[in-house]
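A.B. asks: Below you will find the structure I want to go over with you.
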2 protein chains.
Amino acid sequence: MPLAPWRSPLAHALHRNRALPYARYVQLATLRADRQPANRTVVFRGFLENTNRLRFITDSRSEKATQIQAQPWGEICWYFPKTREQFRILGQLTLVTADHADEELLKARKMLWHDLSDGGRSQFAWAYPRQPKTEPLEQTPPDPMIPLPTFCLLLLEPTQVDHLELRGTPQNRYLYSQQEPPLKDWSMEEVNP
Amino acid sequence: MPLAPWRSPLAHALHRNRALPYARYVQLATLRADRQPANRTVVFRGFLENTNRLRFITDSRSEKATQIQAQPWGEICWYFPKTREQFRILGQLTLVTADHADEELLKARKMLWHDLSDGGRSQFAWAYPRQPKTEPLEQTPPDPMIPLPTFCLLLLEPTQVDHLELRGTPQNRYLYSQQEPPLKDWSMEEVNP
């Protein structure tokens, strides 16, 4: 499938900010059960091969996993400090748990698990998140070939991308929107900042 | 009124990250009318005097102003790159427009307008945000004593603060929660990351 038109400016921003490790950190907003928004930092893990879906990871025991199962829409806000630009990416979230029905996505989950560091994998063996603090157990690193059941691949399928360049007076702002299925083409409009 | 207990670690983080101008940028999540979350970067403008309410500014014509009027809850996510810590601050939002009923808040709105730079104030005279791009008009800087009608003070009154320190193995996480009114005391619990 073709790359969406916002992929090129995003790749450019990633490249120009590559000296900052936290240029791959984005903030993901989801909805709580009580309709209050939630917001936290997650690490961008590249795109799912041959798609425009962004990859993240999460623990099945985290609040966001529960929130996403109930309301699968999210928006990430991605600020690039060096080039002073922001991408807001709204889309549908898919949580790929150990018992997910799609074989291809299970394969993708396994591959991402394999590519993590020992430290990254170990976090999925930690005590239950957000419960009263318990002492950490001594652990051997999890097997790189077998994802722990708590490990989830999280995918974001964008439907709208709002790109703001703060440099320049006035600023530049581009709005990318996906047309309704079955076409799913993207349109782009330059708008006031 | 007394400072909430999370004010001290937050002040500490602000101080230790003060060399990075973007350490004062936070991501604010709100709710769209269609129940999808929205997320964008806003600049922290300090606390409202003698309160624990965080100050931001926004344009009355922006989508977030409309969203906040309909659903006044928001969560900011604040990542500090140098010290590698995150504050998630959930709370109730108040939009202080030009016709707000509270005299004290109108005074606070006027004071913040006055403290902006000419460039900051000029943005509130720009063309309608998110409409098809129009050519900028030549403008004289707005009067520092008289806020433009589009200028809003935005306040966040926290009810829950989730502080995560990524440094250390395992990480440290502290959850601050406000008790129900009328007491409004804060409790703090150390939880698993």
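Ordering of the structure tokens sets the chain letters (A, B, ...), residue numbers begin anew at 1 in every chain, and ligands are numbered from 1 in the order given.
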Kindly assemble as CSV a list of the chain A residues that lie within 6 Å of chain B, each paired with its nearest atom pair and their distance in Å to one decimal, using only C-alpha atoms, sorted first by chain and then by ascending residue number.

C.D. replies:
```
residue,atom,partner,partner_atom,distance
A:Ala29,CA,B:Ala29,CA,5.8
A:Thr30,CA,B:Pro37,CA,5.8
A:Gln36,CA,B:Trp73,CA,5.8
A:Pro37,CA,B:Gly74,CA,5.7
A:Ala38,CA,B:Glu75,CA,5.7
A:Asn39,CA,B:Cys77,CA,5.7
A:Arg40,CA,B:Cys77,CA,5.6
A:Trp73,CA,B:Gln36,CA,5.8
A:Gly74,CA,B:Pro37,CA,5.7
A:Glu75,CA,B:Ala38,CA,5.7
A:Cys77,CA,B:Arg40,CA,5.6
A:Pro129,CA,B:Asn192,CA,4.9
A:Arg130,CA,B:Asn192,CA,5.0
A:Gln131,CA,B:Val191,CA,5.3
A:Pro132,CA,B:Val191,CA,4.3
A:Lys133,CA,B:Val191,CA,4.2
A:Glu190,CA,B:Lys133,CA,5.7
A:Val191,CA,B:Lys133,CA,4.2
A:Asn192,CA,B:Lys133,CA,4.7
A:Pro193,CA,B:Pro129,CA,5.3
```

A.B. asks: Here's a check: after a least-squares fit over all in-order C-alpha atoms, write chain B in the frame of chain A, as a PDB file with C-alpha atoms, in the first residue's frame.

C.D. replies:
```pdb
ATOM      1  CA  MET B   1      -0.015  -0.003   0.036  1.00  0.00           C
ATOM      2  CA  PRO B   2       1.193   3.540  -0.674  1.00  0.00           C
ATOM      3  CA  LEU B   3       2.721   5.737   2.011  1.00  0.00           C
ATOM      4  CA  ALA B   4       0.298   8.358   3.310  1.00  0.00           C
ATOM      5  CA  PRO B   5       1.308  11.916   2.339  1.00  0.00           C
ATOM      6  CA  TRP B   6       2.142  12.891   5.960  1.00  0.00           C
ATOM      7  CA  ARG B   7       4.761  10.138   6.157  1.00  0.00           C
ATOM      8  CA  SER B   8       7.350  12.223   4.330  1.00  0.00           C
ATOM      9  CA  PRO B   9       7.248  15.322   6.637  1.00  0.00           C
ATOM     10  CA  LEU B  10       7.165  13.010   9.670  1.00  0.00           C
ATOM     11  CA  ALA B  11      10.215  11.056   8.446  1.00  0.00           C
ATOM     12  CA  HIS B  12      11.946  14.363   7.842  1.00  0.00           C
ATOM     13  CA  ALA B  13      11.211  15.536  11.408  1.00  0.00           C
ATOM     14  CA  LEU B  14      12.417  12.227  12.872  1.00  0.00           C
ATOM     15  CA  HIS B  15      15.625  12.507  10.905  1.00  0.00           C
ATOM     16  CA  ARG B  16      16.346  16.112  11.820  1.00  0.00           C
ATOM     17  CA  ASN B  17      15.663  15.428  15.527  1.00  0.00           C
ATOM     18  CA  ARG B  18      17.497  12.094  15.640  1.00  0.00           C
ATOM     19  CA  ALA B  19      20.144  13.387  18.082  1.00  0.00           C
ATOM     20  CA  LEU B  20      17.427  13.630  20.793  1.00  0.00           C
ATOM     21  CA  PRO B  21      16.385  10.171  22.059  1.00  0.00           C
ATOM     22  CA  TYR B  22      13.173  11.686  23.424  1.00  0.00           C
ATOM     23  CA  ALA B  23      12.138  12.840  19.941  1.00  0.00           C
ATOM     24  CA  ARG B  24      10.668   9.332  19.701  1.00  0.00           C
ATOM     25  CA  TYR B  25       8.503   9.899  22.788  1.00  0.00           C
ATOM     26  CA  VAL B  26       4.910  10.902  22.084  1.00  0.00           C
ATOM     27  CA  GLN B  27       1.911  11.595  24.287  1.00  0.00           C
ATOM     28  CA  LEU B  28      -1.074   9.321  23.790  1.00  0.00           C
ATOM     29  CA  ALA B  29      -4.542  10.524  24.799  1.00  0.00           C
ATOM     30  CA  THR B  30      -7.309   8.007  25.426  1.00  0.00           C
ATOM     31  CA  LEU B  31     -10.671   8.048  27.160  1.00  0.00           C
ATOM     32  CA  ARG B  32     -11.343   6.828  30.719  1.00  0.00           C
ATOM     33  CA  ALA B  33     -14.498   4.903  31.579  1.00  0.00           C
ATOM     34  CA  ASP B  34     -15.870   8.017  33.326  1.00  0.00           C
ATOM     35  CA  ARG B  35     -15.344  10.035  30.086  1.00  0.00           C
ATOM     36  CA  GLN B  36     -12.400  11.967  31.467  1.00  0.00           C
ATOM     37  CA  PRO B  37      -9.395  12.014  29.145  1.00  0.00           C
ATOM     38  CA  ALA B  38      -6.129  10.241  30.003  1.00  0.00           C
ATOM     39  CA  ASN B  39      -2.696  11.158  28.681  1.00  0.00           C
ATOM     40  CA  ARG B  40       0.739   9.547  28.996  1.00  0.00           C
ATOM     41  CA  THR B  41       4.086   9.276  27.238  1.00  0.00           C
ATOM     42  CA  VAL B  42       4.738   6.254  25.018  1.00  0.00           C
ATOM     43  CA  VAL B  43       7.706   5.384  22.804  1.00  0.00           C
ATOM     44  CA  PHE B  44       7.276   5.248  19.029  1.00  0.00           C
ATOM     45  CA  ARG B  45       8.519   1.852  17.758  1.00  0.00           C
ATOM     46  CA  GLY B  46       8.355   2.454  14.010  1.00  0.00           C
ATOM     47  CA  PHE B  47       5.662   1.525  11.533  1.00  0.00           C
ATOM     48  CA  LEU B  48       4.061  -1.860  11.005  1.00  0.00           C
ATOM     49  CA  GLU B  49       5.635  -3.170   7.814  1.00  0.00           C
ATOM     50  CA  ASN B  50       3.932  -2.020   4.593  1.00  0.00           C
ATOM     51  CA  THR B  51       1.303  -0.005   6.449  1.00  0.00           C
ATOM     52  CA  ASN B  52       0.784   3.487   7.869  1.00  0.00           C
ATOM     53  CA  ARG B  53       0.109   2.070  11.336  1.00  0.00           C
ATOM     54  CA  LEU B  54       2.326   3.313  14.155  1.00  0.00           C
ATOM     55  CA  ARG B  55       3.667   0.734  16.596  1.00  0.00           C
ATOM     56  CA  PHE B  56       3.800   1.127  20.381  1.00  0.00           C
ATOM     57  CA  ILE B  57       3.903  -1.385  23.210  1.00  0.00           C
ATOM     58  CA  THR B  58       1.967  -1.619  26.442  1.00  0.00           C
ATOM     59  CA  ASP B  59       1.305  -3.885  29.400  1.00  0.00           C
ATOM     60  CA  SER B  60      -2.072  -5.653  29.346  1.00  0.00           C
ATOM     61  CA  ARG B  61      -2.453  -4.745  33.039  1.00  0.00           C
ATOM     62  CA  SER B  62      -2.105  -0.989  32.407  1.00  0.00           C
ATOM     63  CA  GLU B  63      -5.089   1.352  32.540  1.00  0.00           C
ATOM     64  CA  LYS B  64      -4.617   2.340  28.913  1.00  0.00           C
ATOM     65  CA  ALA B  65      -5.092  -1.274  27.777  1.00  0.00           C
ATOM     66  CA  THR B  66      -8.487  -1.336  29.499  1.00  0.00           C
ATOM     67  CA  GLN B  67      -9.387   2.107  28.168  1.00  0.00           C
ATOM     68  CA  ILE B  68      -8.496   1.146  24.600  1.00  0.00           C
ATOM     69  CA  GLN B  69     -10.567  -2.029  24.718  1.00  0.00           C
ATOM     70  CA  ALA B  70     -13.582   0.091  25.717  1.00  0.00           C
ATOM     71  CA  GLN B  71     -12.946   3.082  23.379  1.00  0.00           C
ATOM     72  CA  PRO B  72     -10.431   2.358  20.615  1.00  0.00           C
ATOM     73  CA  TRP B  73      -9.811   5.965  19.562  1.00  0.00           C
ATOM     74  CA  GLY B  74      -6.740   7.921  20.512  1.00  0.00           C
ATOM     75  CA  GLU B  75      -4.730  10.959  19.545  1.00  0.00           C
ATOM     76  CA  ILE B  76      -1.000  11.216  19.872  1.00  0.00           C
ATOM     77  CA  CYS B  77       0.735  14.547  20.202  1.00  0.00           C
ATOM     78  CA  TRP B  78       4.295  14.526  18.944  1.00  0.00           C
ATOM     79  CA  TYR B  79       6.448  17.554  19.568  1.00  0.00           C
ATOM     80  CA  PHE B  80       9.883  17.827  17.930  1.00  0.00           C
ATOM     81  CA  PRO B  81      12.020  20.220  19.996  1.00  0.00           C
ATOM     82  CA  LYS B  82      14.840  20.815  17.534  1.00  0.00           C
ATOM     83  CA  THR B  83      12.723  21.711  14.500  1.00  0.00           C
ATOM     84  CA  ARG B  84       9.885  23.164  16.609  1.00  0.00           C
ATOM     85  CA  GLU B  85       7.056  21.303  14.925  1.00  0.00           C
ATOM     86  CA  GLN B  86       4.121  19.265  16.149  1.00  0.00           C
ATOM     87  CA  PHE B  87       2.212  16.344  14.678  1.00  0.00           C
ATOM     88  CA  ARG B  88      -1.180  15.507  16.123  1.00  0.00           C
ATOM     89  CA  ILE B  89      -2.221  12.076  14.896  1.00  0.00           C
ATOM     90  CA  LEU B  90      -5.792  10.936  15.513  1.00  0.00           C
ATOM     91  CA  GLY B  91      -6.742   7.367  14.778  1.00  0.00           C
ATOM     92  CA  GLN B  92      -8.060   4.001  15.771  1.00  0.00           C
ATOM     93  CA  LEU B  93      -6.113   1.864  18.206  1.00  0.00           C
ATOM     94  CA  THR B  94      -5.680  -1.898  18.063  1.00  0.00           C
ATOM     95  CA  LEU B  95      -4.407  -3.782  21.069  1.00  0.00           C
ATOM     96  CA  VAL B  96      -2.664  -6.994  20.021  1.00  0.00           C
ATOM     97  CA  THR B  97      -2.824  -9.231  23.086  1.00  0.00           C
ATOM     98  CA  ALA B  98      -1.452 -12.785  23.356  1.00  0.00           C
ATOM     99  CA  ASP B  99      -4.820 -14.221  22.289  1.00  0.00           C
ATOM    100  CA  HIS B 100      -5.463 -11.869  19.360  1.00  0.00           C
ATOM    101  CA  ALA B 101      -7.325 -13.481  16.449  1.00  0.00           C
ATOM    102  CA  ASP B 102      -5.121 -12.168  13.629  1.00  0.00           C
ATOM    103  CA  GLU B 103      -2.107 -14.411  12.902  1.00  0.00           C
ATOM    104  CA  GLU B 104      -0.180 -11.679  11.082  1.00  0.00           C
ATOM    105  CA  LEU B 105      -0.535  -9.299  14.012  1.00  0.00           C
ATOM    106  CA  LEU B 106       0.543 -12.022  16.441  1.00  0.00           C
ATOM    107  CA  LYS B 107       3.648 -12.468  14.321  1.00  0.00           C
ATOM    108  CA  ALA B 108       4.274  -8.710  14.463  1.00  0.00           C
ATOM    109  CA  ARG B 109       3.837  -8.811  18.258  1.00  0.00           C
ATOM    110  CA  LYS B 110       6.405 -11.602  18.533  1.00  0.00           C
ATOM    111  CA  MET B 111       8.882  -9.792  16.319  1.00  0.00           C
ATOM    112  CA  LEU B 112       8.685  -6.574  18.340  1.00  0.00           C
ATOM    113  CA  TRP B 113       9.155  -8.529  21.591  1.00  0.00           C
ATOM    114  CA  HIS B 114      12.249 -10.103  20.105  1.00  0.00           C
ATOM    115  CA  ASP B 115      13.656  -6.709  19.132  1.00  0.00           C
ATOM    116  CA  LEU B 116      13.365  -5.251  22.660  1.00  0.00           C
ATOM    117  CA  SER B 117      16.328  -5.100  25.014  1.00  0.00           C
ATOM    118  CA  ASP B 118      16.504  -7.425  28.032  1.00  0.00           C
ATOM    119  CA  GLY B 119      15.585  -4.412  30.163  1.00  0.00           C
ATOM    120  CA  GLY B 120      12.598  -3.589  27.988  1.00  0.00           C
ATOM    121  CA  ARG B 121      11.320  -7.155  28.151  1.00  0.00           C
ATOM    122  CA  SER B 122      11.849  -7.379  31.927  1.00  0.00           C
ATOM    123  CA  GLN B 123       9.338  -4.585  32.566  1.00  0.00           C
ATOM    124  CA  PHE B 124       6.552  -6.945  31.525  1.00  0.00           C
ATOM    125  CA  ALA B 125       7.471  -9.222  34.455  1.00  0.00           C
ATOM    126  CA  TRP B 126       7.276  -6.387  36.978  1.00  0.00           C
ATOM    127  CA  ALA B 127       4.677  -6.270  39.733  1.00  0.00           C
ATOM    128  CA  TYR B 128       1.157  -5.174  38.882  1.00  0.00           C
ATOM    129  CA  PRO B 129       1.261  -1.520  37.754  1.00  0.00           C
ATOM    130  CA  ARG B 130      -0.383   1.157  39.907  1.00  0.00           C
ATOM    131  CA  GLN B 131      -0.864  -1.207  42.880  1.00  0.00           C
ATOM    132  CA  PRO B 132       0.752  -0.321  46.237  1.00  0.00           C
ATOM    133  CA  LYS B 133       4.496  -0.651  45.833  1.00  0.00           C
ATOM    134  CA  THR B 134       5.990  -4.096  46.368  1.00  0.00           C
ATOM    135  CA  GLU B 135       9.637  -5.048  46.534  1.00  0.00           C
ATOM    136  CA  PRO B 136      11.047  -6.132  43.166  1.00  0.00           C
ATOM    137  CA  LEU B 137      11.829  -9.842  42.764  1.00  0.00           C
ATOM    138  CA  GLU B 138      15.135 -11.093  41.465  1.00  0.00           C
ATOM    139  CA  GLN B 139      14.489 -12.133  37.915  1.00  0.00           C
ATOM    140  CA  THR B 140      16.212 -13.780  35.012  1.00  0.00           C
ATOM    141  CA  PRO B 141      15.583 -11.929  31.727  1.00  0.00           C
ATOM    142  CA  PRO B 142      12.492 -13.223  29.853  1.00  0.00           C
ATOM    143  CA  ASP B 143      12.989 -15.450  26.805  1.00  0.00           C
ATOM    144  CA  PRO B 144      13.409 -13.228  23.690  1.00  0.00           C
ATOM    145  CA  MET B 145      11.547 -15.820  21.598  1.00  0.00           C
ATOM    146  CA  ILE B 146       8.407 -16.081  23.767  1.00  0.00           C
ATOM    147  CA  PRO B 147       6.520 -12.882  24.637  1.00  0.00           C
ATOM    148  CA  LEU B 148       5.204 -12.700  28.178  1.00  0.00           C
ATOM    149  CA  PRO B 149       1.376 -12.764  28.338  1.00  0.00           C
ATOM    150  CA  THR B 150       1.340  -9.184  29.646  1.00  0.00           C
ATOM    151  CA  PHE B 151       3.090  -7.894  26.503  1.00  0.00           C
ATOM    152  CA  CYS B 152       0.860  -6.127  23.974  1.00  0.00           C
ATOM    153  CA  LEU B 153       1.614  -4.601  20.621  1.00  0.00           C
ATOM    154  CA  LEU B 154      -0.395  -1.393  20.231  1.00  0.00           C
ATOM    155  CA  LEU B 155      -1.177  -0.053  16.751  1.00  0.00           C
ATOM    156  CA  LEU B 156      -2.502   3.350  15.751  1.00  0.00           C
ATOM    157  CA  GLU B 157      -4.191   3.600  12.350  1.00  0.00           C
ATOM    158  CA  PRO B 158      -4.302   7.343  11.573  1.00  0.00           C
ATOM    159  CA  THR B 159      -7.369   9.015  10.105  1.00  0.00           C
ATOM    160  CA  GLN B 160      -6.293  12.647  10.612  1.00  0.00           C
ATOM    161  CA  VAL B 161      -2.895  14.309  10.930  1.00  0.00           C
ATOM    162  CA  ASP B 162      -2.437  17.943  11.951  1.00  0.00           C
ATOM    163  CA  HIS B 163       1.087  19.219  11.256  1.00  0.00           C
ATOM    164  CA  LEU B 164       2.121  22.551  12.751  1.00  0.00           C
ATOM    165  CA  GLU B 165       5.441  24.251  12.085  1.00  0.00           C
ATOM    166  CA  LEU B 166       6.114  26.876  14.748  1.00  0.00           C
ATOM    167  CA  ARG B 167       9.078  28.351  12.902  1.00  0.00           C
ATOM    168  CA  GLY B 168       8.122  31.248  10.689  1.00  0.00           C
ATOM    169  CA  THR B 169       5.710  34.132  11.104  1.00  0.00           C
ATOM    170  CA  PRO B 170       2.980  33.246  10.840  1.00  0.00           C
ATOM    171  CA  GLN B 171       3.319  29.539  11.468  1.00  0.00           C
ATOM    172  CA  ASN B 172       2.501  26.871   8.871  1.00  0.00           C
ATOM    173  CA  ARG B 173      -0.200  24.298   9.458  1.00  0.00           C
ATOM    174  CA  TYR B 174      -1.222  21.368   7.268  1.00  0.00           C
ATOM    175  CA  LEU B 175      -4.275  19.223   7.837  1.00  0.00           C
ATOM    176  CA  TYR B 176      -4.302  15.707   6.364  1.00  0.00           C
ATOM    177  CA  SER B 177      -7.611  13.823   6.376  1.00  0.00           C
ATOM    178  CA  GLN B 178      -8.518  10.397   5.222  1.00  0.00           C
ATOM    179  CA  GLN B 179     -11.553  10.040   2.999  1.00  0.00           C
ATOM    180  CA  GLU B 180     -14.289   7.624   3.936  1.00  0.00           C
ATOM    181  CA  PRO B 181     -13.807   3.957   3.046  1.00  0.00           C
ATOM    182  CA  PRO B 182     -13.643   2.218   0.630  1.00  0.00           C
ATOM    183  CA  LEU B 183     -11.379   4.764  -1.072  1.00  0.00           C
ATOM    184  CA  LYS B 184      -9.296   5.752   1.948  1.00  0.00           C
ATOM    185  CA  ASP B 185      -7.365   8.316  -0.001  1.00  0.00           C
ATOM    186  CA  TRP B 186      -5.764  11.191   1.871  1.00  0.00           C
ATOM    187  CA  SER B 187      -6.438  14.854   1.236  1.00  0.00           C
ATOM    188  CA  MET B 188      -4.269  17.736   2.435  1.00  0.00           C
ATOM    189  CA  GLU B 189      -5.234  21.312   3.147  1.00  0.00           C
ATOM    190  CA  GLU B 190      -3.110  24.231   4.275  1.00  0.00           C
ATOM    191  CA  VAL B 191      -4.923  25.986   7.138  1.00  0.00           C
ATOM    192  CA  ASN B 192      -4.442  28.955   9.437  1.00  0.00           C
ATOM    193  CA  PRO B 193      -2.317  28.147  12.508  1.00  0.00           C
TER     194      PRO B 193
END
```

A.B. asks: Run DSSP on the backbone of this structure and report the residues of region 94-123 of chain A it assigns to alpha helix (DSSP H), as a ChimeraX atom specification.

C.D. replies: /A:103-115,118-122

A.B. asks: Would you export the selected residues with C-alpha atoms as a PDB file, in the first residue's frame, please?

C.D. replies:
```pdb
ATOM      1  CA  GLU A 103      -2.096 -14.426  12.904  1.00  0.00           C
ATOM      2  CA  GLU A 104      -0.173 -11.680  11.074  1.00  0.00           C
ATOM      3  CA  LEU A 105      -0.528  -9.305  14.019  1.00  0.00           C
ATOM      4  CA  LEU A 106       0.544 -12.032  16.454  1.00  0.00           C
ATOM      5  CA  LYS A 107       3.661 -12.467  14.327  1.00  0.00           C
ATOM      6  CA  ALA A 108       4.283  -8.723  14.479  1.00  0.00           C
ATOM      7  CA  ARG A 109       3.849  -8.813  18.264  1.00  0.00           C
ATOM      8  CA  LYS A 110       6.402 -11.599  18.546  1.00  0.00           C
ATOM      9  CA  MET A 111       8.876  -9.775  16.322  1.00  0.00           C
ATOM     10  CA  LEU A 112       8.684  -6.571  18.340  1.00  0.00           C
ATOM     11  CA  TRP A 113       9.152  -8.524  21.587  1.00  0.00           C
ATOM     12  CA  HIS A 114      12.254 -10.112  20.108  1.00  0.00           C
ATOM     13  CA  ASP A 115      13.660  -6.710  19.136  1.00  0.00           C
ATOM     14  CA  ASP A 118      16.493  -7.407  28.049  1.00  0.00           C
ATOM     15  CA  GLY A 119      15.584  -4.401  30.163  1.00  0.00           C
ATOM     16  CA  GLY A 120      12.594  -3.596  27.991  1.00  0.00           C
ATOM     17  CA  ARG A 121      11.315  -7.157  28.158  1.00  0.00           C
ATOM     18  CA  SER A 122      11.854  -7.386  31.934  1.00  0.00           C
TER      19      SER A 122
END
```

A.B. asks: As a VMD selection string, please: all residues of region 54-159 of chain B that backbone DSSP puts in strand (DSSP E or B).

C.D. replies: chain B and resid 54 to 59 73 to 80 85 to 96 132 151 to 159

A.B. asks: Just C-alpha atoms for this one: save the residues we selected as a PDB file, in the first residue's frame.

C.D. replies:
```pdb
ATOM      1  CA  LEU B  54      -1.999  25.799  36.471  1.00  0.00           C
ATOM      2  CA  ARG B  55      -2.250  28.645  33.973  1.00  0.00           C
ATOM      3  CA  PHE B  56      -2.330  28.266  30.185  1.00  0.00           C
ATOM      4  CA  ILE B  57      -3.680  30.472  27.422  1.00  0.00           C
ATOM      5  CA  THR B  58      -5.819  29.707  24.406  1.00  0.00           C
ATOM      6  CA  ASP B  59      -7.742  31.340  21.586  1.00  0.00           C
ATOM      7  CA  TRP B  73     -12.019  17.718  32.241  1.00  0.00           C
ATOM      8  CA  GLY B  74      -8.504  17.376  30.942  1.00  0.00           C
ATOM      9  CA  GLU B  75      -5.235  15.632  31.628  1.00  0.00           C
ATOM     10  CA  ILE B  76      -1.860  17.116  30.924  1.00  0.00           C
ATOM     11  CA  CYS B  77       1.172  14.953  30.340  1.00  0.00           C
ATOM     12  CA  TRP B  78       4.428  16.644  31.237  1.00  0.00           C
ATOM     13  CA  TYR B  79       7.660  14.935  30.326  1.00  0.00           C
ATOM     14  CA  PHE B  80      10.979  16.316  31.606  1.00  0.00           C
ATOM     15  CA  GLU B  85      10.389  12.004  34.792  1.00  0.00           C
ATOM     16  CA  GLN B  86       6.738  12.428  33.918  1.00  0.00           C
ATOM     17  CA  PHE B  87       3.856  14.174  35.643  1.00  0.00           C
ATOM     18  CA  ARG B  88       0.335  13.318  34.566  1.00  0.00           C
ATOM     19  CA  ILE B  89      -2.042  15.911  35.975  1.00  0.00           C
ATOM     20  CA  LEU B  90      -5.778  15.261  35.745  1.00  0.00           C
ATOM     21  CA  GLY B  91      -8.188  18.007  36.659  1.00  0.00           C
ATOM     22  CA  GLN B  92     -11.002  20.360  35.886  1.00  0.00           C
ATOM     23  CA  LEU B  93     -10.514  23.094  33.321  1.00  0.00           C
ATOM     24  CA  THR B  94     -11.851  26.634  33.512  1.00  0.00           C
ATOM     25  CA  LEU B  95     -11.898  28.819  30.441  1.00  0.00           C
ATOM     26  CA  VAL B  96     -11.738  32.497  31.388  1.00  0.00           C
ATOM     27  CA  PRO B 132      -8.270  27.512   4.806  1.00  0.00           C
ATOM     28  CA  PHE B 151      -7.727  35.790  24.388  1.00  0.00           C
ATOM     29  CA  CYS B 152      -8.626  33.256  27.082  1.00  0.00           C
ATOM     30  CA  LEU B 153      -6.922  32.333  30.305  1.00  0.00           C
ATOM     31  CA  LEU B 154      -7.176  28.570  30.816  1.00  0.00           C
ATOM     32  CA  LEU B 155      -6.899  27.106  34.321  1.00  0.00           C
ATOM     33  CA  LEU B 156      -6.399  23.501  35.365  1.00  0.00           C
ATOM     34  CA  GLU B 157      -7.433  22.584  38.911  1.00  0.00           C
ATOM     35  CA  PRO B 158      -5.728  19.231  39.603  1.00  0.00           C
ATOM     36  CA  THR B 159      -7.514  16.371  41.329  1.00  0.00           C
TER      37      THR B 159
END
```
